[in-house]
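File shown here: input-v1.txt, holding compact mmCIF, C-alpha atoms.
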# COMPACT_ATOMS: atom_id res chain seq x y z
CA MET A 126 -167.77 7.77 -25.64
CA ASN A 127 -169.10 7.39 -29.35
CA GLY A 128 -170.21 10.31 -31.38
CA ASN A 129 -169.24 14.10 -31.09
CA PRO A 130 -166.08 13.54 -32.87
CA LEU A 131 -166.11 12.10 -29.44
CA LEU A 132 -169.66 12.20 -28.53
CA SER A 133 -171.14 13.04 -31.98
CA PRO A 134 -170.70 15.68 -34.63
CA LEU A 135 -174.44 16.01 -35.19
CA ARG A 136 -177.25 16.05 -32.65
CA GLN A 137 -181.01 15.90 -33.00
CA PRO A 138 -183.90 16.04 -30.52
CA GLY A 139 -184.93 12.80 -28.87
CA ASN A 140 -187.82 11.37 -26.91
CA CYS A 141 -188.01 11.28 -23.15
CA LEU A 142 -187.45 7.93 -21.49
CA ARG A 143 -190.59 6.04 -20.50
CA HIS A 144 -190.09 4.01 -17.36
CA PRO A 145 -192.12 0.87 -16.60
CA SER A 146 -194.61 1.18 -13.78
CA PRO A 147 -193.37 0.09 -10.34
CA ASP A 148 -195.82 -2.83 -10.34
CA ALA A 149 -194.31 -4.17 -13.56
CA MET A 150 -190.77 -4.31 -12.23
CA PRO A 151 -189.12 -6.59 -9.68
CA ARG A 152 -187.40 -5.04 -6.66
CA LEU A 153 -183.95 -3.96 -7.84
CA GLU A 154 -180.66 -4.28 -5.99
CA PRO A 155 -177.60 -2.10 -6.69
CA PHE A 156 -176.59 -2.32 -10.37
CA HIS A 157 -173.34 -4.17 -9.79
CA ARG A 158 -175.10 -7.10 -8.11
CA THR A 159 -178.50 -7.56 -9.73
CA LEU A 160 -179.60 -6.40 -13.18
CA TYR A 161 -183.08 -5.87 -14.59
CA THR A 162 -183.53 -7.77 -17.86
CA ALA A 163 -185.71 -6.26 -20.59
CA GLN A 164 -186.03 -7.90 -23.99
CA THR A 165 -183.12 -10.23 -23.03
CA MET A 166 -180.76 -7.24 -22.55
CA GLU A 167 -179.34 -6.58 -19.11
CA LEU A 168 -179.60 -3.00 -17.86
CA PRO A 169 -178.04 -1.45 -14.78
CA GLN A 170 -180.48 0.21 -12.42
CA LEU A 171 -180.37 3.97 -12.90
CA ASP A 172 -179.97 5.89 -9.68
CA ALA A 173 -178.10 8.99 -8.53
CA GLU A 174 -174.95 7.03 -7.71
CA LEU A 175 -174.73 5.48 -11.18
CA ALA A 176 -175.53 8.77 -12.92
CA ARG A 177 -172.81 10.52 -10.91
CA ARG A 178 -170.34 7.80 -11.79
CA ILE A 179 -171.03 8.15 -15.52
CA GLU A 180 -171.14 11.94 -15.64
CA LEU A 181 -167.98 12.48 -13.60
CA ALA A 182 -166.09 9.91 -15.67
CA GLU A 183 -166.93 11.89 -18.79
CA ALA A 184 -166.12 15.16 -17.07
CA GLN A 185 -162.70 13.77 -16.16
CA VAL A 186 -161.97 13.13 -19.84
CA GLY A 187 -162.46 16.86 -20.45
CA VAL A 188 -160.29 17.69 -17.44
CA ASP A 189 -157.53 15.46 -18.82
CA CYS A 190 -157.75 17.23 -22.18
CA ALA A 191 -157.41 20.62 -20.50
CA GLU A 192 -154.38 19.48 -18.52
CA SER A 193 -152.78 18.12 -21.69
CA LEU A 194 -153.52 21.34 -23.55
CA LYS A 195 -151.91 23.42 -20.78
CA ARG A 196 -148.65 21.60 -21.44
CA SER A 197 -148.75 21.44 -25.25
CA GLN A 198 -150.41 24.78 -26.13
CA PRO A 199 -150.29 27.09 -23.10
CA GLN A 200 -151.26 30.08 -25.25
CA ILE A 201 -154.85 28.75 -25.45
CA GLY A 202 -155.34 29.26 -21.73
CA ALA A 203 -157.02 25.93 -20.98
CA ALA A 204 -158.62 25.91 -17.53
CA VAL A 205 -160.76 23.79 -15.21
CA GLU A 206 -162.95 24.72 -12.26
CA HIS A 207 -164.81 22.43 -9.87
CA VAL A 208 -168.31 23.86 -9.43
CA ALA A 209 -171.70 22.59 -8.24
CA GLY A 210 -170.42 19.04 -7.90
CA GLY A 211 -169.12 18.87 -11.49
CA PHE A 212 -166.45 20.45 -13.66
CA ALA A 213 -166.37 23.49 -15.92
CA VAL A 214 -163.74 22.98 -18.65
CA TYR A 215 -162.29 25.49 -21.09
CA CYS A 216 -160.18 24.18 -23.98
CA GLY A 217 -160.42 27.14 -26.33
CA ALA A 218 -163.22 29.09 -28.01
CA ASN A 219 -166.04 26.94 -29.39
CA SER A 220 -164.21 23.69 -28.65
CA PRO A 221 -166.59 20.73 -28.14
CA ILE A 222 -164.68 20.11 -24.90
CA THR A 223 -165.44 23.63 -23.64
CA GLN A 224 -168.47 22.89 -21.49
CA ALA A 225 -169.54 21.97 -17.97
CA VAL A 226 -170.44 18.37 -17.03
CA GLY A 227 -171.72 16.69 -13.88
CA LEU A 228 -173.39 19.70 -12.23
CA GLY A 229 -176.20 19.27 -9.71
CA LEU A 230 -175.60 15.61 -8.86
CA ASP A 231 -174.45 16.33 -5.30
CA GLY A 232 -177.55 18.26 -4.22
CA PRO A 233 -178.99 21.78 -4.55
CA VAL A 234 -177.16 24.36 -6.67
CA GLY A 235 -177.09 27.90 -5.28
CA ASP A 236 -176.85 31.31 -6.92
CA VAL A 237 -173.23 31.69 -5.85
CA GLU A 238 -172.27 28.52 -7.73
CA MET A 239 -174.15 29.61 -10.84
CA ASP A 240 -172.45 33.00 -10.68
CA ARG A 241 -169.06 31.24 -10.50
CA LEU A 242 -169.96 29.04 -13.47
CA GLU A 243 -171.01 31.97 -15.62
CA GLU A 244 -168.02 34.09 -14.67
CA PHE A 245 -165.66 31.19 -15.50
CA TYR A 246 -166.84 31.23 -19.13
CA TRP A 247 -167.75 34.89 -19.57
CA SER A 248 -164.35 36.02 -18.30
CA ARG A 249 -163.02 34.08 -21.32
CA ARG A 250 -165.67 35.63 -23.62
CA GLU A 251 -167.28 32.21 -24.10
CA ALA A 252 -170.89 31.00 -23.94
CA VAL A 253 -171.89 28.86 -20.96
CA ARG A 254 -172.74 25.30 -22.05
CA VAL A 255 -173.88 22.70 -19.53
CA GLU A 256 -174.45 19.02 -20.35
CA THR A 257 -177.23 18.17 -17.90
CA CYS A 258 -178.24 14.79 -16.53
CA PRO A 259 -181.99 14.39 -15.83
CA LEU A 260 -181.11 13.23 -12.30
CA ALA A 261 -179.50 16.58 -11.49
CA HIS A 262 -181.13 18.49 -8.64
CA ALA A 263 -184.23 20.46 -9.68
CA SER A 264 -182.61 23.70 -8.49
CA LEU A 265 -180.19 23.55 -11.44
CA ILE A 266 -183.06 23.44 -13.94
CA ASP A 267 -184.72 26.31 -12.09
CA HIS A 268 -181.57 28.41 -12.53
CA PHE A 269 -181.56 27.71 -16.26
CA GLY A 270 -185.13 28.94 -16.54
CA ARG A 271 -184.63 32.09 -14.47
CA ARG A 272 -181.34 33.00 -16.12
CA GLY A 273 -182.43 32.67 -19.74
CA TYR A 274 -180.69 29.49 -20.87
CA ARG A 275 -181.91 27.64 -23.98
CA VAL A 276 -181.74 23.98 -25.00
CA THR A 277 -179.29 23.30 -27.85
CA GLU A 278 -178.65 19.54 -27.87
CA PHE A 279 -179.92 16.14 -26.78
CA SER A 280 -177.80 13.02 -26.37
CA ASN A 281 -178.64 9.51 -25.28
CA VAL A 282 -176.47 7.89 -22.62
CA MET A 283 -176.30 4.16 -23.31
CA ALA A 284 -174.83 1.46 -21.12
CA ARG A 285 -174.02 -2.21 -21.18
CA GLN A 286 -172.89 -4.63 -18.48
CA LEU A 287 -169.49 -6.23 -19.03
CA ASP A 288 -168.47 -9.72 -18.01
CA ALA A 289 -164.88 -10.96 -18.22
CA GLY A 290 -166.18 -14.40 -19.19
CA GLU A 291 -168.20 -13.21 -22.18
CA ALA A 292 -167.19 -14.69 -25.54
CA TRP A 293 -166.77 -12.29 -28.44
CA PRO A 294 -167.03 -13.27 -32.12
CA ALA A 295 -164.04 -12.77 -34.39
CA PRO A 296 -164.24 -9.86 -36.86
CA VAL A 297 -165.56 -10.64 -40.32
CA ARG A 298 -163.01 -12.01 -42.72
CA GLY A 299 -160.43 -9.46 -43.82
CA VAL A 300 -161.05 -7.04 -40.92
CA THR A 301 -158.40 -6.69 -38.24
CA ILE A 302 -158.41 -4.42 -35.18
CA LYS A 303 -155.22 -3.57 -33.29
CA ARG A 304 -154.46 -1.33 -30.37
CA ILE A 305 -151.84 1.24 -31.31
CA GLY A 306 -148.90 2.75 -29.50
CA SER A 307 -148.07 6.41 -28.96
CA ASN A 308 -146.03 6.47 -32.17
CA GLN A 309 -149.22 6.01 -34.22
CA ILE A 310 -151.44 8.59 -32.50
CA ASP A 311 -151.10 11.05 -35.39
CA LEU A 312 -152.14 8.37 -37.89
CA TRP A 313 -155.13 7.45 -35.71
CA THR A 314 -156.13 11.11 -35.38
CA VAL A 315 -156.08 11.75 -39.13
CA THR A 316 -157.95 8.52 -39.87
CA VAL A 317 -160.78 9.07 -37.40
CA ALA A 318 -161.10 12.76 -38.21
CA GLN A 319 -161.36 11.96 -41.93
CA GLY A 320 -164.08 9.43 -41.16
CA PHE A 321 -166.11 12.17 -39.49
CA ALA A 322 -165.35 14.77 -42.17
CA GLU A 323 -166.51 12.44 -44.98
CA SER A 324 -165.03 13.72 -48.28
CA SER A 325 -164.40 17.26 -47.02
CA PRO A 326 -160.94 18.44 -45.97
CA VAL A 327 -160.29 17.78 -42.30
CA PRO A 328 -160.23 21.06 -40.35
CA GLN A 329 -157.25 21.57 -38.07
CA GLU A 330 -159.62 22.15 -35.14
CA MET A 331 -160.95 18.60 -35.47
CA LEU A 332 -157.43 17.17 -35.64
CA ASP A 333 -156.52 19.10 -32.50
CA VAL A 334 -159.55 17.83 -30.60
CA MET A 335 -159.08 14.22 -31.68
CA GLY A 336 -155.41 14.41 -30.73
CA MET A 337 -156.24 15.70 -27.26
CA PHE A 338 -158.64 12.85 -26.60
CA ALA A 339 -156.27 10.24 -28.01
CA ARG A 340 -153.48 11.39 -25.70
CA GLY A 341 -155.65 11.36 -22.57
CA ALA A 342 -154.19 9.59 -19.56
CA ALA A 343 -156.93 6.93 -19.59
CA SER A 344 -157.32 6.58 -23.38
CA GLU A 345 -156.53 3.58 -25.57
CA CYS A 346 -156.77 3.86 -29.37
CA PHE A 347 -157.46 1.20 -32.00
CA LEU A 348 -157.03 1.15 -35.77
CA ALA A 349 -159.09 -1.03 -38.11
CA ARG A 350 -157.70 -2.46 -41.33
CA ILE A 351 -159.28 -4.33 -44.22
CA ASP A 352 -156.78 -6.44 -46.12
CA GLU A 353 -154.00 -4.35 -44.54
CA GLU A 354 -155.52 -1.01 -45.67
CA ILE A 355 -156.47 1.41 -42.89
CA ALA A 356 -160.26 1.54 -42.72
CA GLY A 357 -161.14 3.37 -39.49
CA GLY A 358 -160.52 3.69 -35.81
CA GLY A 359 -161.98 4.09 -32.37
CA ALA A 360 -160.95 4.82 -28.79
CA LEU A 361 -161.66 3.70 -25.28
CA ALA A 362 -161.29 5.47 -21.92
CA LEU A 363 -160.90 3.22 -18.86
CA ARG A 364 -161.59 4.82 -15.50
CA ASN A 365 -162.61 3.28 -12.17
CA GLY A 366 -164.24 0.21 -13.68
CA LEU A 367 -166.15 2.18 -16.31
CA ALA A 368 -165.31 2.01 -20.03
CA GLY A 369 -166.20 4.96 -22.22
CA LEU A 370 -166.37 4.30 -25.96
CA PHE A 371 -165.74 7.31 -28.19
CA GLY A 372 -164.10 8.61 -31.35
CA ALA A 373 -165.18 5.80 -33.69
CA SER A 374 -165.45 6.35 -37.43
CA THR A 375 -164.99 4.43 -40.68
CA LEU A 376 -163.49 5.84 -43.86
CA PRO A 377 -166.18 6.16 -46.56
CA ALA A 378 -164.57 3.61 -48.90
CA PHE A 379 -164.81 0.85 -46.26
CA ARG A 380 -168.31 1.32 -44.89
CA GLY A 381 -170.79 -1.54 -44.75
CA ARG A 382 -168.04 -4.14 -44.28
CA GLY A 383 -168.21 -4.76 -40.53
CA VAL A 384 -165.62 -2.25 -39.36
CA GLN A 385 -167.80 -0.52 -36.77
CA THR A 386 -169.02 -3.80 -35.32
CA ALA A 387 -165.46 -5.10 -35.04
CA LEU A 388 -164.28 -1.87 -33.38
CA LEU A 389 -167.13 -2.01 -30.85
CA GLN A 390 -166.61 -5.66 -29.97
CA THR A 391 -162.83 -5.36 -29.70
CA ARG A 392 -163.08 -2.39 -27.35
CA LEU A 393 -165.74 -4.09 -25.23
CA ALA A 394 -163.58 -7.21 -24.95
CA ARG A 395 -160.59 -5.07 -23.94
CA ALA A 396 -162.67 -3.23 -21.32
CA ALA A 397 -163.90 -6.50 -19.82
CA GLU A 398 -160.34 -7.82 -19.77
CA ALA A 399 -159.28 -4.67 -17.89
CA GLY A 400 -161.85 -5.39 -15.17
CA CYS A 401 -164.54 -2.88 -16.16
CA ASP A 402 -168.09 -3.83 -15.15
CA LEU A 403 -169.88 -1.25 -17.28
CA ALA A 404 -169.44 0.24 -20.76
CA VAL A 405 -170.98 3.60 -21.69
CA SER A 406 -171.42 5.41 -24.97
CA PHE A 407 -173.13 8.62 -26.07
CA ALA A 408 -174.97 9.26 -29.34
CA PRO A 409 -177.63 11.54 -30.82
CA PRO A 410 -181.11 10.01 -30.38
CA GLY A 411 -182.13 7.91 -33.37
CA SER A 412 -178.73 8.24 -35.07
CA ILE A 413 -176.83 5.57 -37.00
CA SER A 414 -174.28 5.59 -34.18
CA GLN A 415 -177.02 4.71 -31.68
CA ARG A 416 -178.33 1.88 -33.85
CA ASN A 417 -174.83 0.39 -34.17
CA ILE A 418 -174.28 0.58 -30.41
CA VAL A 419 -177.67 -0.90 -29.50
CA ARG A 420 -176.89 -3.96 -31.63
CA GLN A 421 -174.08 -4.74 -29.17
CA GLY A 422 -176.41 -4.97 -26.19
CA PHE A 423 -176.43 -1.32 -25.09
CA ARG A 424 -179.66 0.29 -23.94
CA VAL A 425 -180.55 3.90 -23.25
CA LEU A 426 -180.22 4.79 -19.57
CA TYR A 427 -181.20 8.43 -19.89
CA THR A 428 -181.24 11.41 -22.24
CA ARG A 429 -179.03 14.39 -21.48
CA VAL A 430 -179.87 17.96 -22.41
CA LYS A 431 -177.36 20.69 -23.18
CA PHE A 432 -178.37 24.11 -21.84
CA GLU A 433 -176.60 27.16 -23.22
CA LYS A 434 -176.40 30.87 -22.48
CA ALA A 435 -174.57 33.28 -24.78
CA PHE A 436 -171.61 35.34 -23.63
CA ALA A 437 -172.81 38.56 -21.99
CA ALA A 438 -170.39 41.39 -22.67
CA GLN A 439 -172.21 43.60 -20.15
CA ARG A 440 -172.50 41.10 -17.32
CA PRO A 441 -173.51 42.18 -13.81

Is it possible to give me this structure as structure tokens?
Amino acid sequence: MNGNPLLSPLRQPGNCLRHPSPDAMPRLEPFHRTLYTAQTMELPQLDAELARRIELAEAQVGVDCAESLKRSQPQIGAAVEHVAGGFAVYCGANSPITQAVGLGLDGPVGDVEMDRLEEFYWSRREAVRVETCPLAHASLIDHFGRRGYRVTEFSNVMARQLDAGEAWPAPVRGVTIKRIGSNQIDLWTVTVAQGFAESSPVPQEMLDVMGMFARGAASECFLARIDEEIAGGGALALRNGLAGLFGASTLPAFRGRGVQTALLQTRLARAAEAGCDLAVSFAPPGSISQRNIVRQGFRVLYTRVKFEKAFAAQRP
């Protein structure tokens, strides 16, 4: 899902969603049958079922990374725990994958579950970080307030309907996008990481994270070339009819030449071909990534908030 290196390296506060009044909207059916059209763009109806589908799909990407890390680098101690309807994932200290996702979407969250969540991270001397959907049960937010959590990030969750019959334009002249095989994962990882790092040296931690996502069980990776020179890359996670777009970047020398648009459209076409009915991407509110994604028919479904609580050496 775009941004982070996977969801976005930089975040910034965003505005709350403003919903139209009930009188201004037609009666909506489930999102997979009838879609509400606003400004000619089709949007799925946001409800608890759809939110759960999106959040748990993203959580599963983190779970896959942890399982991969257990095999490749067991010394890190990657771990996963199912808690409060979601997943707590640990993939090493300060990793962007080390966080909890999908909590509170199955109903009330009790003190016992919050204690389990905090102990999962604190036993590893790590802060507790929880990506929180606004449709999560109010009891989860109450726990954050009573237990001293603070807000550290905002991210917009954007979605777009997919149709297997949709026609996609060809990339601009000179740009080619190709799906790669496992033998090119290292090349993809270095390329995308360098696109995020700009002109700075790519830290090994970023290479490790990008490699984990690229090797995920549901991931497909794409490289972009301009006149046969590697220009950027992006990835796609296909899971239960939902396509998550992530890990897209362009090398500085090739920006402004249609690479990002071509990567987006190629991945959307591939997702539709694979039978997905919905594409999802994440980006910081108001970011360049969001503007690029919105141009391809995505619209903001909701804004997530990351709540965080520092490691407590003297925990109860």

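Checking A:Ser412, A:Thr375, A:Thr223, A:Gln421 one by one against Gln390 of chain A, counting all atoms listed in the file, you find the shortest gap at A:Gln421.
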
Which one is closest to Asp189 of chain A: A:Lys434, A:Arg416, A:Ile222, A:Asp352? Count all atoms listed in the file. A:Ile222

In Å, rounded to a single decimal, give me how far atom CA of Thr428 of chain A is from atom CA of Ser264 of chain A.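 For atom CA of Ser264 of chain A relative to atom CA of Thr428 of chain A, the distance reads 18.5 Å.
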
Within 9 Å of file point (-183.6, 4.7, -12.8), counting only C-alpha atoms, expressed as number ranges by chain: A: 144, 169-173, 260, 426-427

Looking at all atoms listed in the file, which of A:Thr257, A:Gln319, A:Gln415, A:Gln329 is the one that sits closest to Leu376 of chain A? A:Gln319

Students should find that atom CA of Ile418 of chain A and atom CA of Gly341 of chain A are spaced 22.9 Å

Shell around segment 290-299 of chain A at 6 Å using only C-alpha atoms, local window under 2 positions removed, as a PyMOL selection string: chain A and resi 288+351-352+387

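Using only C-alpha atoms, the nearest neighbour of Val226 of chain A within the list A:Val300, A:Ala339, A:Ala184, A:Ala263 is A:Ala184.
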
What is the atom CA of Leu287 of chain A to atom CA of Val425 of chain A distance in Å? 15.6 Å

Any chance you could build segment 302-334 of chain A out to N, CA and C atoms and write it as a CSV table (one decimal), in the coordinates of the input?
chain,number,residue,atom,x,y,z
A,302,ILE,N,-158.4,-5.6,-36.1
A,302,ILE,CA,-158.4,-4.4,-35.2
A,302,ILE,C,-157.2,-4.6,-34.3
A,303,LYS,N,-156.4,-3.5,-34.2
A,303,LYS,CA,-155.2,-3.6,-33.3
A,303,LYS,C,-155.1,-2.3,-32.5
A,304,ARG,N,-154.8,-2.5,-31.2
A,304,ARG,CA,-154.5,-1.3,-30.4
A,304,ARG,C,-153.1,-0.7,-30.8
A,305,ILE,N,-153.0,0.6,-30.8
A,305,ILE,CA,-151.8,1.2,-31.3
A,305,ILE,C,-151.0,1.8,-30.2
A,306,GLY,N,-149.8,2.1,-30.5
A,306,GLY,CA,-148.9,2.8,-29.5
A,306,GLY,C,-148.9,4.2,-29.7
A,307,SER,N,-148.1,4.9,-28.9
A,307,SER,CA,-148.1,6.4,-29.0
A,307,SER,C,-147.5,6.9,-30.3
A,308,ASN,N,-146.7,6.1,-30.9
A,308,ASN,CA,-146.0,6.5,-32.2
A,308,ASN,C,-147.0,6.5,-33.3
A,309,GLN,N,-148.2,6.0,-33.1
A,309,GLN,CA,-149.2,6.0,-34.2
A,309,GLN,C,-150.4,6.9,-33.9
A,310,ILE,N,-150.3,7.7,-32.9
A,310,ILE,CA,-151.4,8.6,-32.5
A,310,ILE,C,-151.8,9.5,-33.6
A,311,ASP,N,-150.8,10.1,-34.3
A,311,ASP,CA,-151.1,11.0,-35.4
A,311,ASP,C,-151.8,10.4,-36.5
A,312,LEU,N,-151.4,9.1,-36.8
A,312,LEU,CA,-152.1,8.4,-37.9
A,312,LEU,C,-153.6,8.1,-37.5
A,313,TRP,N,-153.8,7.7,-36.2
A,313,TRP,CA,-155.1,7.4,-35.7
A,313,TRP,C,-156.0,8.7,-35.8
A,314,THR,N,-155.4,9.8,-35.4
A,314,THR,CA,-156.1,11.1,-35.4
A,314,THR,C,-156.6,11.5,-36.8
A,315,VAL,N,-155.7,11.4,-37.8
A,315,VAL,CA,-156.1,11.8,-39.1
A,315,VAL,C,-157.1,10.8,-39.7
A,316,THR,N,-157.0,9.5,-39.4
A,316,THR,CA,-158.0,8.5,-39.9
A,316,THR,C,-159.4,8.8,-39.3
A,317,VAL,N,-159.5,8.9,-38.0
A,317,VAL,CA,-160.8,9.1,-37.4
A,317,VAL,C,-161.4,10.4,-37.8
A,318,ALA,N,-160.6,11.4,-37.8
A,318,ALA,CA,-161.1,12.8,-38.2
A,318,ALA,C,-161.6,12.7,-39.6
A,319,GLN,N,-160.9,12.0,-40.5
A,319,GLN,CA,-161.4,12.0,-41.9
A,319,GLN,C,-162.7,11.2,-42.0
A,320,GLY,N,-162.8,10.2,-41.2
A,320,GLY,CA,-164.1,9.4,-41.2
A,320,GLY,C,-165.3,10.3,-40.8
A,321,PHE,N,-165.0,11.2,-39.9
A,321,PHE,CA,-166.1,12.2,-39.5
A,321,PHE,C,-166.3,13.2,-40.6
A,322,ALA,N,-165.3,13.7,-41.2
A,322,ALA,CA,-165.4,14.8,-42.2
A,322,ALA,C,-165.9,14.3,-43.5
A,323,GLU,N,-166.1,13.0,-43.7
A,323,GLU,CA,-166.5,12.4,-45.0
A,323,GLU,C,-165.5,12.8,-46.1
A,324,SER,N,-165.9,13.4,-47.2
A,324,SER,CA,-165.0,13.7,-48.3
A,324,SER,C,-164.5,15.1,-48.2
A,325,SER,N,-164.9,15.9,-47.2
A,325,SER,CA,-164.4,17.3,-47.0
A,325,SER,C,-163.0,17.3,-46.4
A,326,PRO,N,-162.2,18.3,-46.6
A,326,PRO,CA,-160.9,18.4,-46.0
A,326,PRO,C,-161.1,18.5,-44.5
A,327,VAL,N,-160.2,17.8,-43.8
A,327,VAL,CA,-160.3,17.8,-42.3
A,327,VAL,C,-159.8,19.1,-41.7
A,328,PRO,N,-160.7,19.8,-41.0
A,328,PRO,CA,-160.2,21.1,-40.4
A,328,PRO,C,-159.2,20.8,-39.2
A,329,GLN,N,-158.3,21.7,-39.1
A,329,GLN,CA,-157.2,21.6,-38.1
A,329,GLN,C,-157.9,21.5,-36.7
A,330,GLU,N,-159.0,22.2,-36.5
A,330,GLU,CA,-159.6,22.2,-35.1
A,330,GLU,C,-160.0,20.7,-34.8
A,331,MET,N,-160.5,20.0,-35.8
A,331,MET,CA,-161.0,18.6,-35.5
A,331,MET,C,-159.7,17.7,-35.2
A,332,LEU,N,-158.6,17.9,-35.9
A,332,LEU,CA,-157.4,17.2,-35.6
A,332,LEU,C,-156.9,17.5,-34.2
A,333,ASP,N,-157.0,18.7,-33.8
A,333,ASP,CA,-156.5,19.1,-32.5
A,333,ASP,C,-157.3,18.4,-31.4
A,334,VAL,N,-158.7,18.4,-31.6
A,334,VAL,CA,-159.6,17.8,-30.6
A,334,VAL,C,-159.3,16.3,-30.5
